[in-house]
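Quick notes on the structure that follows.
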Protein chains: 2
Amino acid sequence: MPNVPVHLIPAARGIEPADIVYRNARVFNAFACDWERSDLAVKDGIVVGIGTEYQGEQERDLEGAYIVPGLIDAHVHIESSLLTPLEYARLVALHGTTTVIADPHEIANVSGAAGLEFMLSCRRGAPVDIRYMLPSCVPATPMDVGGATLGAADLGIFIGRDGIVGLGEMMNVPGVLAGDPYVMEKLALTPIRDGHAPLLSSADLNAYVLSGLQSDHECTTRAEAEEKLRRGMYIYIREGSTEQNIAELIPLVTPANVSRFCFATDDCHADLLERDGHIDRCIRKAVACGCVPELAIRMATLSAAERFGLSDRGALAPGRRADFCVVDNPENFIVRETVRSNNRSDTMSMSISRQLPVPAPTITFHCTTPTLKEIRIVGDGLARVIGLVPRQIITESLRYEITETGIPDIRRDILKIVVCNRYHDHRIGVGLVHGFGFKEGAIASSVSHDAHNIVAVGASDAEILTAIGAVIRSQGGMVVVQGQSETILPLDCAGLMSILPYREVVTRLSTLDVTTRILGGIDNPFMYLSFLALTVIPAIRVTNRGMFDVTVFKDVPLFE
Amino acid sequence: MPNVPVHLIPAARGIEPADIVYRNARVFNAFACDWERSDLAVKDGIVVGIGTEYQGEQERDLEGAYIVPGLIDAHVHIESSLLTPLEYARLVALHGTTTVIADPHEIANVSGAAGLEFMLSCRRGAPVDIRYMLPSCVPATPMDVGGATLGAADLGIFIGRDGIVGLGEMMNVPGVLAGDPYVMEKLALTPIRDGHAPLLSSADLNAYVLSGLQSDHECTTRAEAEEKLRRGMYIYIREGSTEQNIAELIPLVTPANVSRFCFATDDCHADLLERDGHIDRCIRKAVACGCVPELAIRMATLSAAERFGLSDRGALAPGRRADFCVVDNPENFIVRETVRSNNRSDTMSMSISRQLPVPAPTITFHCTTPTLKEIRIVGDGLARVIGLVPRQIITESLRYEITETGIPDIRRDILKIVVCNRYHDHRIGVGLVHGFGFKEGAIASSVSHDAHNIVAVGASDAEILTAIGAVIRSQGGMVVVQGQSETILPLDCAGLMSILPYREVVTRLSTLDVTTRILGGIDNPFMYLSFLALTVIPAIRVTNRGMFDVTVFKDVPLFE
């Protein structure tokens, strides 16, 4: 009888003492969406009682502090933090997070099922409950082959495993709309399925929802989010490092629809998490944008738990996990402390079945540095240029008159961008991008959604090639090159994550940041760079085959 | 791939025509909790699109009418209608209901697993989707043995069967609080479990919730419902024939907590359903009591669907059932028409696997009429008297000075009540009741929760015995006796339900009603009578062993 905690009934009745009673708290009641002055009695990491009649082996006076159920991130790629899952969990736990629903599709694109096994093995002992959605689109499109291909049969092996919640963001919208059997087989694996359908609307949105995709975290306008809400999608309002949608979308949230909204961070570098926080940051931003604190907290707790059918959390109520965070007040939402369920059965199962963690994939680069000739632009005329959009993941498809020798065009901020296959030597993709601001130097990275080839942008071909070479030499990393000088954050785990402690990663990111600013770059250049090969987000991208127009979903020449 | 409706994608995209397009509707949007002017495109009984871009093989102009997703009753005992499930469904379908979550615990108490098989077999072809919760308390208490005992092993056989949702109302609160293994085994059968805990509060309520009971439909005061809501229970606001809680509880419902509230009718006779309606009646009553119509409709649709994990209904959105009702306006909520999903796959599976319905249990009475001596009151003094509470299922425990020859006491409205075991000859229980109002005559019934023995109340011993004799002779029924004259509604299906069409049952109920009024009786005397042997609802009851004090949970003598 695993699901009936019979042994806790006497403590819940107050006949036996609890392990600990937190006295004098202002407890967020997620069901009523308000605050309740009460004590909280906990035994074996489970809430046994709310009320004032409990005694505990230990007691602690919270002196009227506000306590909130553990925060939940509804959709995140842990790899984007550049941290391994355990370090990631250590960092976000400080910010009140106790559960993340992660889609490990970055490492899956690089290392396939072995990458998933590695991520699953990292759940043990983590101070946050990491649950995974199975990556539905590896590779992101049939054209974007990275290090692995995962079909329904490959994913099916993971169904029913501890820690697997459902199917992750289905980015193959054309495949869904065409009823592609390869896609449909994946949808049929599990009843919980996240969507990903930027700008989809009207009849095609209806068809996408009908196919069983239940959520979207790609809304960038209020009208888009409202339409998706009305068609039955859960809306995850995303606030990542460079994908910031709270300000635009939060006015949509009302008491009557708050159960359909969650927060998601999607992609956040470790430095942002360390400095600004995680879901606590989303709550603060929402409140700053006019949202009632209680609605924002409801989104981050019960709404997310309900969406994923996690009935053991999302609220501080009898039988649920005693995961909570202590905040000074709901308005500023500064997390003073995170208290996590310490379920005895968790501990027991860990000690019984402790396994060695699955080794991290390390050697994933099998390519050589391109030559100058391979990255040369040949031709003149009206060229397609990727336009960065500040704080958004979408890009604009721009047009500029370009000459063969006119790049870099520092005055118009048009730079060369190069994508180089990491898995084997292959064609080199060369494109143009507007918005990075570099006056000199180059940056390169092995984080390049979703195939995670090497992507580089810079003000000179020589520096671009030096940067790419450094990434290959380190078997992954983020590199800034200025002349002969290299600054690098090695990403030794699949070329995506660092094996260093999070504090060290934050320090190194800060060094990269300082260095890119010296070159004239915008904030977060690596985050913007990482999305420029992602062919499932409008409007225009670059791959190792060259420019790619997402709206028509095909490779296009640089010059019109 | 049963759960991905690939074949409907082209219709959802508007590339192929829908079967039917309802034009020009005001569609209730359950996610936004408001109305949306739109067309609704349906194919194979599934909503394929909301919008104005659809063409259909058929089209129908709704001329601006309001349409609402099919209404859901979160908790009902179909047997209480006195109709078989098919007739019940025909009746409530007229009132906008398309799904009922029924607990067949009346017939289970009489006929055990055979009764459940009969009820399950009645789902086929019904115009309402009937889903069942497995009766958790058969018998209601170890003392109240009726025709069957169902342990976890007996119930376990039904888990996973089509139409089974979870475990029905767990009325054995003491068993839960004691951690009784017999009860715990039942809780461990399924993750969806309805509670039943009238007046439970504080630490014992915490223990009950901790044990995994997720709902309550027994709240009679706002304070009780608020406490249960805050501890994480879904609150089903009940409005039955004689259990009317909307007026008291509806002020608790707000936009921020509406997702945690549903409506339940629990026990309604066919005549009330025919005259006043079903869940539509609950919505009207809620609105009359000051509730915003949209909140009441949300309770009756999406909130109920979400509570039971029925993601294919509760809203009119792509991929969900095209079950809806047409109403003139949200305020008066008169259901003009009910449109039900006509899913091709339903039809197919019915024609493929059509089975003969399981025969109804008919011979269930194995007792003889008591003698005058057996129902005589012996003694004088201060006696316990059951006090009816108008429109409530709870009773008051009253005390009156009584003499052996002083009953009936028409002036003080104190009558004799008799309970007679239907399954075999046994002790006859005799008690006293205040509140029926009869000046003469007697009534008897084989509907007597939950053991469904024969219960009778009357102004003379002779008439009481005549009434009991008539019930036995008919193998079940509701009988009114005035002198030698008998008026009877035979309940030939397990002594609980009539096999007649609902219109005929309503007519006969109306005759009973007229007859009982002539005797001076209150409204709905049979409904009140049916609960007076129910030992799980405070405060005092009568069984075939005599008076029963629910607060101390034991048999008590008539005289103090």
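Chain identifiers are assigned as A, B, and so on, following the order in which chains appear in the structure tokens; residues are numbered from 1 within each chain, and ligands are numbered from 1 in order of appearance.
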
Legend entry - Within 9 Å of Pro370 of chain B using only C-alpha atoms, minus same-chain residues under 5 positions, as number ranges by chain: B: 375, 420, 425, 428, 465, 468-469

Legend entry - Close residues, segment 224-234 of chain B itself excluded, 7 Å, only C-alpha atoms, min 5 positions apart in chain, as a ChimeraX atom specification: /A:29,31-32,317-318 /B:199,214-216,219,260-261

Same residues, all heavy atoms, output as a compact mmCIF listing (two decimals), in the first residue's frame:
```txt
# COMPACT_ATOMS: atom_id res chain seq x y z
N ASN A 29 -2.22 29.50 1.24
CA ASN A 29 -3.18 28.43 0.95
C ASN A 29 -3.50 28.47 -0.55
O ASN A 29 -4.21 29.36 -1.03
CB ASN A 29 -4.44 28.59 1.79
CG ASN A 29 -5.32 27.36 1.63
OD1 ASN A 29 -5.86 27.10 0.57
ND2 ASN A 29 -5.42 26.58 2.70
N PHE A 31 -5.30 26.62 -2.40
CA PHE A 31 -6.67 26.32 -2.81
C PHE A 31 -7.57 27.55 -2.69
O PHE A 31 -8.42 27.78 -3.53
CB PHE A 31 -7.24 25.17 -1.97
CG PHE A 31 -6.33 23.98 -1.93
CD1 PHE A 31 -5.63 23.64 -0.78
CD2 PHE A 31 -6.14 23.22 -3.08
CE1 PHE A 31 -4.78 22.55 -0.76
CE2 PHE A 31 -5.28 22.13 -3.07
CZ PHE A 31 -4.60 21.79 -1.89
N ALA A 32 -7.35 28.30 -1.63
CA ALA A 32 -8.15 29.50 -1.41
C ALA A 32 -7.46 30.72 -2.01
O ALA A 32 -8.05 31.78 -2.15
CB ALA A 32 -8.38 29.72 0.08
N ALA A 317 -0.65 21.04 2.47
CA ALA A 317 -1.88 20.42 2.96
C ALA A 317 -1.55 19.00 3.38
O ALA A 317 -0.55 18.44 2.94
CB ALA A 317 -2.94 20.44 1.85
N PRO A 318 -2.40 18.41 4.22
CA PRO A 318 -2.09 17.08 4.75
C PRO A 318 -1.81 16.07 3.64
O PRO A 318 -2.55 16.00 2.66
CB PRO A 318 -3.37 16.71 5.52
CG PRO A 318 -3.96 18.02 5.92
CD PRO A 318 -3.65 18.95 4.79
N LEU B 199 -19.11 17.08 9.12
CA LEU B 199 -18.73 17.76 10.36
C LEU B 199 -17.30 17.46 10.82
O LEU B 199 -16.88 17.96 11.87
CB LEU B 199 -19.73 17.47 11.50
CG LEU B 199 -21.21 17.72 11.18
CD1 LEU B 199 -22.06 17.42 12.42
CD2 LEU B 199 -21.46 19.14 10.69
N GLN B 214 -10.11 12.83 -1.17
CA GLN B 214 -9.87 14.08 -1.89
C GLN B 214 -11.07 14.98 -2.04
O GLN B 214 -10.94 16.09 -2.57
CB GLN B 214 -9.35 13.72 -3.29
CG GLN B 214 -8.06 12.95 -3.27
CD GLN B 214 -7.97 11.91 -4.37
OE1 GLN B 214 -8.97 11.59 -5.00
NE2 GLN B 214 -6.78 11.39 -4.58
N SER B 215 -12.23 14.52 -1.61
CA SER B 215 -13.42 15.34 -1.84
C SER B 215 -14.39 15.17 -0.69
O SER B 215 -14.28 14.23 0.10
CB SER B 215 -14.11 14.92 -3.14
OG SER B 215 -14.66 13.63 -2.98
N ASP B 216 -15.34 16.07 -0.64
CA ASP B 216 -16.42 15.95 0.34
C ASP B 216 -17.68 16.58 -0.23
O ASP B 216 -17.62 17.65 -0.84
CB ASP B 216 -16.04 16.64 1.65
CG ASP B 216 -17.03 16.31 2.76
OD1 ASP B 216 -16.90 15.24 3.37
OD2 ASP B 216 -17.95 17.11 2.99
N CYS B 219 -20.72 18.82 3.25
CA CYS B 219 -20.62 20.08 4.01
C CYS B 219 -22.00 20.71 4.13
O CYS B 219 -22.72 20.83 3.13
CB CYS B 219 -19.70 21.07 3.30
SG CYS B 219 -18.03 20.46 3.14
N ARG B 260 -11.95 24.23 -7.59
CA ARG B 260 -12.03 23.22 -6.53
C ARG B 260 -13.47 22.89 -6.12
O ARG B 260 -13.68 22.15 -5.16
CB ARG B 260 -11.24 23.68 -5.29
CG ARG B 260 -9.86 24.24 -5.57
CD ARG B 260 -8.87 23.22 -6.02
NE ARG B 260 -8.68 22.14 -5.08
CZ ARG B 260 -7.83 21.14 -5.26
NH1 ARG B 260 -7.11 21.08 -6.36
NH2 ARG B 260 -7.72 20.19 -4.38
N PHE B 261 -14.43 23.46 -6.83
CA PHE B 261 -15.85 23.23 -6.50
C PHE B 261 -16.59 22.55 -7.65
O PHE B 261 -16.37 22.90 -8.81
CB PHE B 261 -16.57 24.55 -6.20
CG PHE B 261 -16.27 25.14 -4.84
CD1 PHE B 261 -15.24 26.05 -4.67
CD2 PHE B 261 -17.04 24.77 -3.74
CE1 PHE B 261 -14.97 26.59 -3.41
CE2 PHE B 261 -16.78 25.32 -2.49
CZ PHE B 261 -15.74 26.23 -2.32
```

Legend entry - DSSP-assigned helix (DSSP H, G or I) among segment 294-446 of chain B, expressed as a list of chain:residue names: B:Glu294, B:Leu295, B:Ala296, B:Ile297, B:Arg298, B:Met299, B:Ala300, B:Thr301, B:Leu302, B:Ser303, B:Ala304, B:Ala305, B:Glu306, B:Arg307, B:Arg344, B:Ser345, B:Asp346, B:Thr347, B:Met348, B:Ser349, B:Met350, B:Ser351, B:Ile352, B:Lys373, B:Glu374, B:Ile375

Per residue of chain B within 6 Å of chain A, what are the shortest atom pair and its distance in Å to one decimal, counting only C-alpha atoms, with rows by chain and residue number, as a tab-separated table?
```
residue	atom	partner	partner_atom	distance
B:Met1	CA	A:Ala188	CA	5.5
B:Val4	CA	A:Ser211	CA	5.6
B:Val6	CA	A:Gly179	CA	5.8
B:Ile9	CA	A:Ala207	CA	5.4
B:Ala12	CA	A:Ala207	CA	4.7
B:Arg13	CA	A:Ala203	CA	4.7
B:Phe31	CA	A:Arg230	CA	5.8
B:Ala32	CA	A:Asn257	CA	5.5
B:Gly49	CA	A:Asn206	CA	5.6
B:Gly179	CA	A:Val6	CA	5.8
B:Ala188	CA	A:Met1	CA	5.5
B:Ala203	CA	A:Arg13	CA	4.7
B:Asp204	CA	A:Arg13	CA	5.1
B:Asn206	CA	A:Pro318	CA	5.6
B:Ala207	CA	A:Ala12	CA	4.7
B:Val209	CA	A:Pro318	CA	5.9
B:Leu210	CA	A:Gly319	CA	4.0
B:Ser211	CA	A:Val4	CA	5.7
B:Arg230	CA	A:Phe31	CA	5.8
B:Arg231	CA	A:Ala317	CA	5.3
B:Pro255	CA	A:Ala256	CA	4.3
B:Ala256	CA	A:Pro255	CA	4.3
B:Asn257	CA	A:Ala32	CA	5.5
B:Ala317	CA	A:Arg231	CA	5.3
B:Pro318	CA	A:Leu210	CA	4.6
B:Gly319	CA	A:Leu210	CA	4.0
```

Could the residues in this selection be written to a file with C-alpha atoms, as a PDB file, in the first residue's frame?
```
ATOM      1  CA  MET B   1      -2.691   4.901 -31.328  1.00  0.00           C
ATOM      2  CA  VAL B   4      -4.414  10.679 -31.101  1.00  0.00           C
ATOM      3  CA  VAL B   6      -5.152  11.613 -36.573  1.00  0.00           C
ATOM      4  CA  ILE B   9      -6.622  16.665 -38.222  1.00  0.00           C
ATOM      5  CA  ALA B  12      -9.528  20.684 -37.697  1.00  0.00           C
ATOM      6  CA  ARG B  13      -7.301  22.466 -40.206  1.00  0.00           C
ATOM      7  CA  PHE B  31     -10.740  28.156 -19.525  1.00  0.00           C
ATOM      8  CA  ALA B  32     -11.331  31.891 -19.656  1.00  0.00           C
ATOM      9  CA  GLY B  49     -12.592  23.697 -34.358  1.00  0.00           C
ATOM     10  CA  GLY B 179      -5.736   3.125  10.051  1.00  0.00           C
ATOM     11  CA  ALA B 188      -4.795   1.692  -2.014  1.00  0.00           C
ATOM     12  CA  ALA B 203      -6.722  17.329  13.370  1.00  0.00           C
ATOM     13  CA  ASP B 204      -9.064  14.473  12.464  1.00  0.00           C
ATOM     14  CA  ASN B 206      -6.167  16.562   8.529  1.00  0.00           C
ATOM     15  CA  ALA B 207      -5.720  12.836   9.157  1.00  0.00           C
ATOM     16  CA  VAL B 209      -7.177  14.158   4.033  1.00  0.00           C
ATOM     17  CA  LEU B 210      -3.695  12.782   4.621  1.00  0.00           C
ATOM     18  CA  SER B 211      -5.114   9.298   4.115  1.00  0.00           C
ATOM     19  CA  ARG B 230      -8.291  24.846   2.592  1.00  0.00           C
ATOM     20  CA  ARG B 231      -7.065  21.359   3.470  1.00  0.00           C
ATOM     21  CA  PRO B 255     -13.012  32.967  -9.308  1.00  0.00           C
ATOM     22  CA  ALA B 256      -9.774  32.021  -7.528  1.00  0.00           C
ATOM     23  CA  ASN B 257     -11.133  28.802  -6.016  1.00  0.00           C
ATOM     24  CA  ALA B 317     -12.211  22.876 -27.340  1.00  0.00           C
ATOM     25  CA  PRO B 318     -10.429  20.955 -30.081  1.00  0.00           C
ATOM     26  CA  GLY B 319     -10.182  17.240 -29.378  1.00  0.00           C
TER      27      GLY B 319
END
```

Legend entry - Close residues, Leu534 of chain A itself excluded, 12 Å, only C-alpha atoms, min 2 positions apart in chain, as a PyMOL selection string: chain A and resi 106+137+139-141+143-146+171+393-395+419+447-453+455+528-532+536-544+547-550+553

With N, CA and C atoms retained, could you export that selection as a compact mmCIF listing (two decimals), in the first residue's frame?
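Final file, part.txt:
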```txt
# COMPACT_ATOMS: atom_id res chain seq x y z
N GLU A 106 18.67 18.93 -25.02
CA GLU A 106 19.98 19.35 -25.53
C GLU A 106 20.93 18.17 -25.54
N CYS A 137 11.62 15.84 -30.07
CA CYS A 137 12.12 16.26 -31.39
C CYS A 137 13.64 16.20 -31.43
N PRO A 139 16.31 14.61 -33.97
CA PRO A 139 16.67 16.01 -34.08
C PRO A 139 15.44 16.92 -34.18
N ALA A 140 15.70 18.24 -34.08
CA ALA A 140 14.61 19.21 -34.09
C ALA A 140 13.79 19.09 -35.37
N THR A 141 14.44 18.89 -36.48
CA THR A 141 13.75 18.65 -37.75
C THR A 141 14.55 17.58 -38.48
N MET A 143 16.01 17.72 -41.07
CA MET A 143 17.21 18.29 -41.69
C MET A 143 18.33 18.54 -40.70
N ASP A 144 17.96 18.74 -39.43
CA ASP A 144 18.95 19.15 -38.43
C ASP A 144 19.51 17.98 -37.66
N VAL A 145 20.16 17.08 -38.33
CA VAL A 145 20.66 15.91 -37.63
C VAL A 145 21.88 16.28 -36.78
N GLY A 146 21.81 15.96 -35.49
CA GLY A 146 22.93 16.20 -34.59
C GLY A 146 23.61 14.89 -34.28
N MET A 171 7.97 20.33 -31.12
CA MET A 171 8.29 21.48 -31.97
C MET A 171 7.98 21.21 -33.43
N ILE A 393 13.22 35.26 -28.27
CA ILE A 393 13.87 34.16 -28.97
C ILE A 393 13.58 34.21 -30.47
N ILE A 394 12.48 34.86 -30.84
CA ILE A 394 12.19 35.00 -32.27
C ILE A 394 13.20 35.96 -32.90
N THR A 395 13.39 35.83 -34.21
CA THR A 395 14.28 36.74 -34.94
C THR A 395 13.49 37.42 -36.05
N VAL A 419 28.34 28.29 -38.79
CA VAL A 419 27.93 27.07 -38.09
C VAL A 419 28.69 25.88 -38.67
N VAL A 447 27.16 25.29 -27.58
CA VAL A 447 25.75 25.27 -27.23
C VAL A 447 25.01 25.97 -28.36
N SER A 448 24.31 25.20 -29.15
CA SER A 448 23.68 25.76 -30.34
C SER A 448 22.46 24.90 -30.64
N HIS A 449 21.33 25.34 -30.12
CA HIS A 449 20.10 24.55 -30.22
C HIS A 449 19.77 24.25 -31.67
N ASP A 450 19.28 23.04 -31.90
CA ASP A 450 19.21 21.91 -30.99
C ASP A 450 20.26 20.86 -31.34
N ALA A 451 20.91 21.00 -32.51
CA ALA A 451 21.89 19.98 -32.89
C ALA A 451 23.20 20.17 -32.12
N HIS A 452 23.35 21.37 -31.58
CA HIS A 452 24.55 21.69 -30.81
C HIS A 452 25.83 21.47 -31.60
N ASN A 453 25.78 22.00 -32.82
CA ASN A 453 26.99 22.17 -33.59
C ASN A 453 27.76 23.35 -33.00
N VAL A 455 28.78 27.15 -33.18
CA VAL A 455 28.31 28.39 -33.80
C VAL A 455 29.23 29.52 -33.35
N TYR A 528 21.85 34.55 -27.01
CA TYR A 528 21.28 34.84 -28.33
C TYR A 528 21.90 33.92 -29.39
N LEU A 529 23.23 33.79 -29.31
CA LEU A 529 23.95 32.98 -30.29
C LEU A 529 23.43 31.55 -30.30
N SER A 530 23.11 31.04 -29.11
CA SER A 530 22.75 29.62 -28.99
C SER A 530 21.45 29.29 -29.71
N PHE A 531 20.62 30.32 -29.97
CA PHE A 531 19.33 30.04 -30.62
C PHE A 531 19.35 30.29 -32.13
N LEU A 532 20.46 30.77 -32.64
CA LEU A 532 20.43 31.22 -34.04
C LEU A 532 20.45 30.07 -35.05
N VAL A 536 13.21 25.88 -35.58
CA VAL A 536 11.77 25.75 -35.31
C VAL A 536 11.16 27.04 -34.77
N ILE A 537 11.97 28.08 -34.66
CA ILE A 537 11.43 29.35 -34.16
C ILE A 537 11.57 30.40 -35.27
N PRO A 538 10.48 31.07 -35.60
CA PRO A 538 10.56 32.09 -36.65
C PRO A 538 11.57 33.19 -36.28
N ALA A 539 12.06 33.95 -37.25
CA ALA A 539 11.67 33.90 -38.65
C ALA A 539 12.80 33.34 -39.51
N ILE A 540 14.04 33.62 -39.16
CA ILE A 540 15.14 33.16 -40.01
C ILE A 540 16.31 32.71 -39.14
N ARG A 541 16.99 31.67 -39.58
CA ARG A 541 18.06 31.06 -38.79
C ARG A 541 19.23 30.73 -39.70
N VAL A 542 20.29 30.17 -39.10
CA VAL A 542 21.42 29.70 -39.90
C VAL A 542 21.81 28.31 -39.38
N THR A 543 22.10 27.39 -40.31
CA THR A 543 22.51 26.04 -39.90
C THR A 543 23.84 25.72 -40.56
N ASN A 544 24.33 24.54 -40.37
CA ASN A 544 25.58 24.18 -41.03
C ASN A 544 25.39 23.98 -42.53
N MET A 547 21.77 29.68 -44.61
CA MET A 547 20.58 30.35 -44.08
C MET A 547 19.34 29.45 -44.22
N PHE A 548 18.40 29.63 -43.24
CA PHE A 548 17.20 28.80 -43.20
C PHE A 548 16.01 29.70 -42.88
N ASP A 549 15.02 29.65 -43.76
CA ASP A 549 13.81 30.47 -43.57
C ASP A 549 12.76 29.60 -42.86
N VAL A 550 12.47 29.94 -41.61
CA VAL A 550 11.57 29.09 -40.82
C VAL A 550 10.14 29.18 -41.35
N PHE A 553 10.11 26.97 -44.05
CA PHE A 553 10.74 25.76 -43.56
C PHE A 553 11.70 25.15 -44.57
```

Legend entry - Counting only C-alpha atoms, the residue of A:His196, A:Lys439, A:His424, A:Arg340 that sits nearest Leu71 of chain A: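 Among the listed residues, A:Arg340 lies closest to Leu71 of chain A.
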
Inset, instruction - Run DSSP on the backbone and give me the residues of segment 237-327 of chain A it puts in strand (DSSP E), as number ranges by chain. - result: A: 237-238, 261-264, 324-327

Those same residues - all heavy atoms - I'd like them written as a short mmCIF file (atom, residue, chain, number, x, y, z; two decimals), in the first residue's frame.
```
data_model
loop_
_atom_site.label_atom_id
_atom_site.label_comp_id
_atom_site.auth_asym_id
_atom_site.auth_seq_id
_atom_site.Cartn_x
_atom_site.Cartn_y
_atom_site.Cartn_z
N ILE A 237 4.13 30.90 -18.88
CA ILE A 237 4.72 32.20 -19.18
C ILE A 237 6.22 32.09 -18.94
O ILE A 237 6.65 31.75 -17.84
CB ILE A 237 4.09 33.31 -18.33
CG1 ILE A 237 2.59 33.40 -18.64
CG2 ILE A 237 4.78 34.64 -18.61
CD1 ILE A 237 1.89 34.56 -17.97
N ARG A 238 6.96 32.35 -20.00
CA ARG A 238 8.40 32.09 -19.94
C ARG A 238 9.19 33.36 -19.64
O ARG A 238 8.91 34.43 -20.16
CB ARG A 238 8.85 31.54 -21.29
CG ARG A 238 10.35 31.35 -21.38
CD ARG A 238 10.72 30.78 -22.70
NE ARG A 238 10.21 31.59 -23.79
CZ ARG A 238 10.29 31.23 -25.06
NH1 ARG A 238 10.81 30.08 -25.40
NH2 ARG A 238 9.82 32.03 -25.99
N PHE A 261 -2.30 28.72 -15.92
CA PHE A 261 -1.02 29.40 -16.17
C PHE A 261 0.07 28.88 -15.23
O PHE A 261 -0.18 28.66 -14.04
CB PHE A 261 -1.16 30.91 -15.94
CG PHE A 261 -1.84 31.65 -17.05
CD1 PHE A 261 -3.21 31.87 -17.02
CD2 PHE A 261 -1.11 32.14 -18.13
CE1 PHE A 261 -3.85 32.57 -18.04
CE2 PHE A 261 -1.74 32.85 -19.16
CZ PHE A 261 -3.11 33.06 -19.11
N CYS A 262 1.27 28.74 -15.77
CA CYS A 262 2.44 28.38 -14.96
C CYS A 262 3.59 29.32 -15.38
O CYS A 262 3.46 30.10 -16.32
CB CYS A 262 2.89 26.95 -15.26
SG CYS A 262 1.62 25.69 -15.14
N PHE A 263 4.70 29.20 -14.65
CA PHE A 263 5.93 29.87 -15.09
C PHE A 263 6.92 28.84 -15.62
O PHE A 263 6.96 27.69 -15.15
CB PHE A 263 6.61 30.60 -13.92
CG PHE A 263 5.89 31.84 -13.47
CD1 PHE A 263 5.32 31.91 -12.20
CD2 PHE A 263 5.78 32.95 -14.29
CE1 PHE A 263 4.66 33.05 -11.76
CE2 PHE A 263 5.12 34.10 -13.87
CZ PHE A 263 4.57 34.16 -12.60
N ALA A 264 7.72 29.27 -16.58
CA ALA A 264 8.79 28.42 -17.12
C ALA A 264 10.01 29.30 -17.37
O ALA A 264 9.87 30.46 -17.76
CB ALA A 264 8.34 27.77 -18.41
N PHE A 324 8.78 23.78 1.15
CA PHE A 324 8.31 25.17 1.13
C PHE A 324 9.46 26.15 1.19
O PHE A 324 10.59 25.77 1.47
CB PHE A 324 7.29 25.43 2.26
CG PHE A 324 7.81 25.23 3.65
CD1 PHE A 324 8.40 26.29 4.34
CD2 PHE A 324 7.69 24.01 4.30
CE1 PHE A 324 8.87 26.10 5.64
CE2 PHE A 324 8.14 23.82 5.59
CZ PHE A 324 8.74 24.87 6.27
N CYS A 325 9.16 27.38 0.90
CA CYS A 325 10.17 28.43 1.08
C CYS A 325 9.61 29.52 1.97
O CYS A 325 8.41 29.74 2.04
CB CYS A 325 10.69 28.95 -0.25
SG CYS A 325 9.45 29.58 -1.37
N VAL A 326 10.53 30.15 2.65
CA VAL A 326 10.18 31.21 3.59
C VAL A 326 10.53 32.54 2.93
O VAL A 326 11.64 32.71 2.45
CB VAL A 326 10.99 31.06 4.90
CG1 VAL A 326 10.56 32.09 5.93
CG2 VAL A 326 10.87 29.63 5.45
N VAL A 327 9.55 33.43 2.85
CA VAL A 327 9.82 34.75 2.25
C VAL A 327 9.44 35.85 3.24
O VAL A 327 8.60 35.65 4.11
CB VAL A 327 9.04 34.95 0.92
CG1 VAL A 327 9.50 33.96 -0.13
CG2 VAL A 327 7.54 34.85 1.12
#
```

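Of note, atom CA of Phe118 of chain A and atom CA of Ala494 of chain A are spaced 10.5 Å apart.
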
Legend entry - Gap from atom CA of His366 of chain B to atom CA of Asp461 of chain B - Å, one decimal: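 Atom-to-atom, atom CA of His366 of chain B and atom CA of Asp461 of chain B are spaced 21.8 Å apart.
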
Inset, instruction - Determine, counting only C-alpha atoms, which protein, DNA and RNA residues have an atom within 10 Å of an atom of Glu374 of chain A; residues of the same chain fewer than 5 positions away are not included. Present the result as a ChimeraX atom specification. - result: /A:369,418,427-430

Inset, instruction - Give me, please, the distance in Å between atom CA of Gly520 of chain A and atom CA of Glu440 of chain A, quoted to one decimal. - result: 7.4 Å
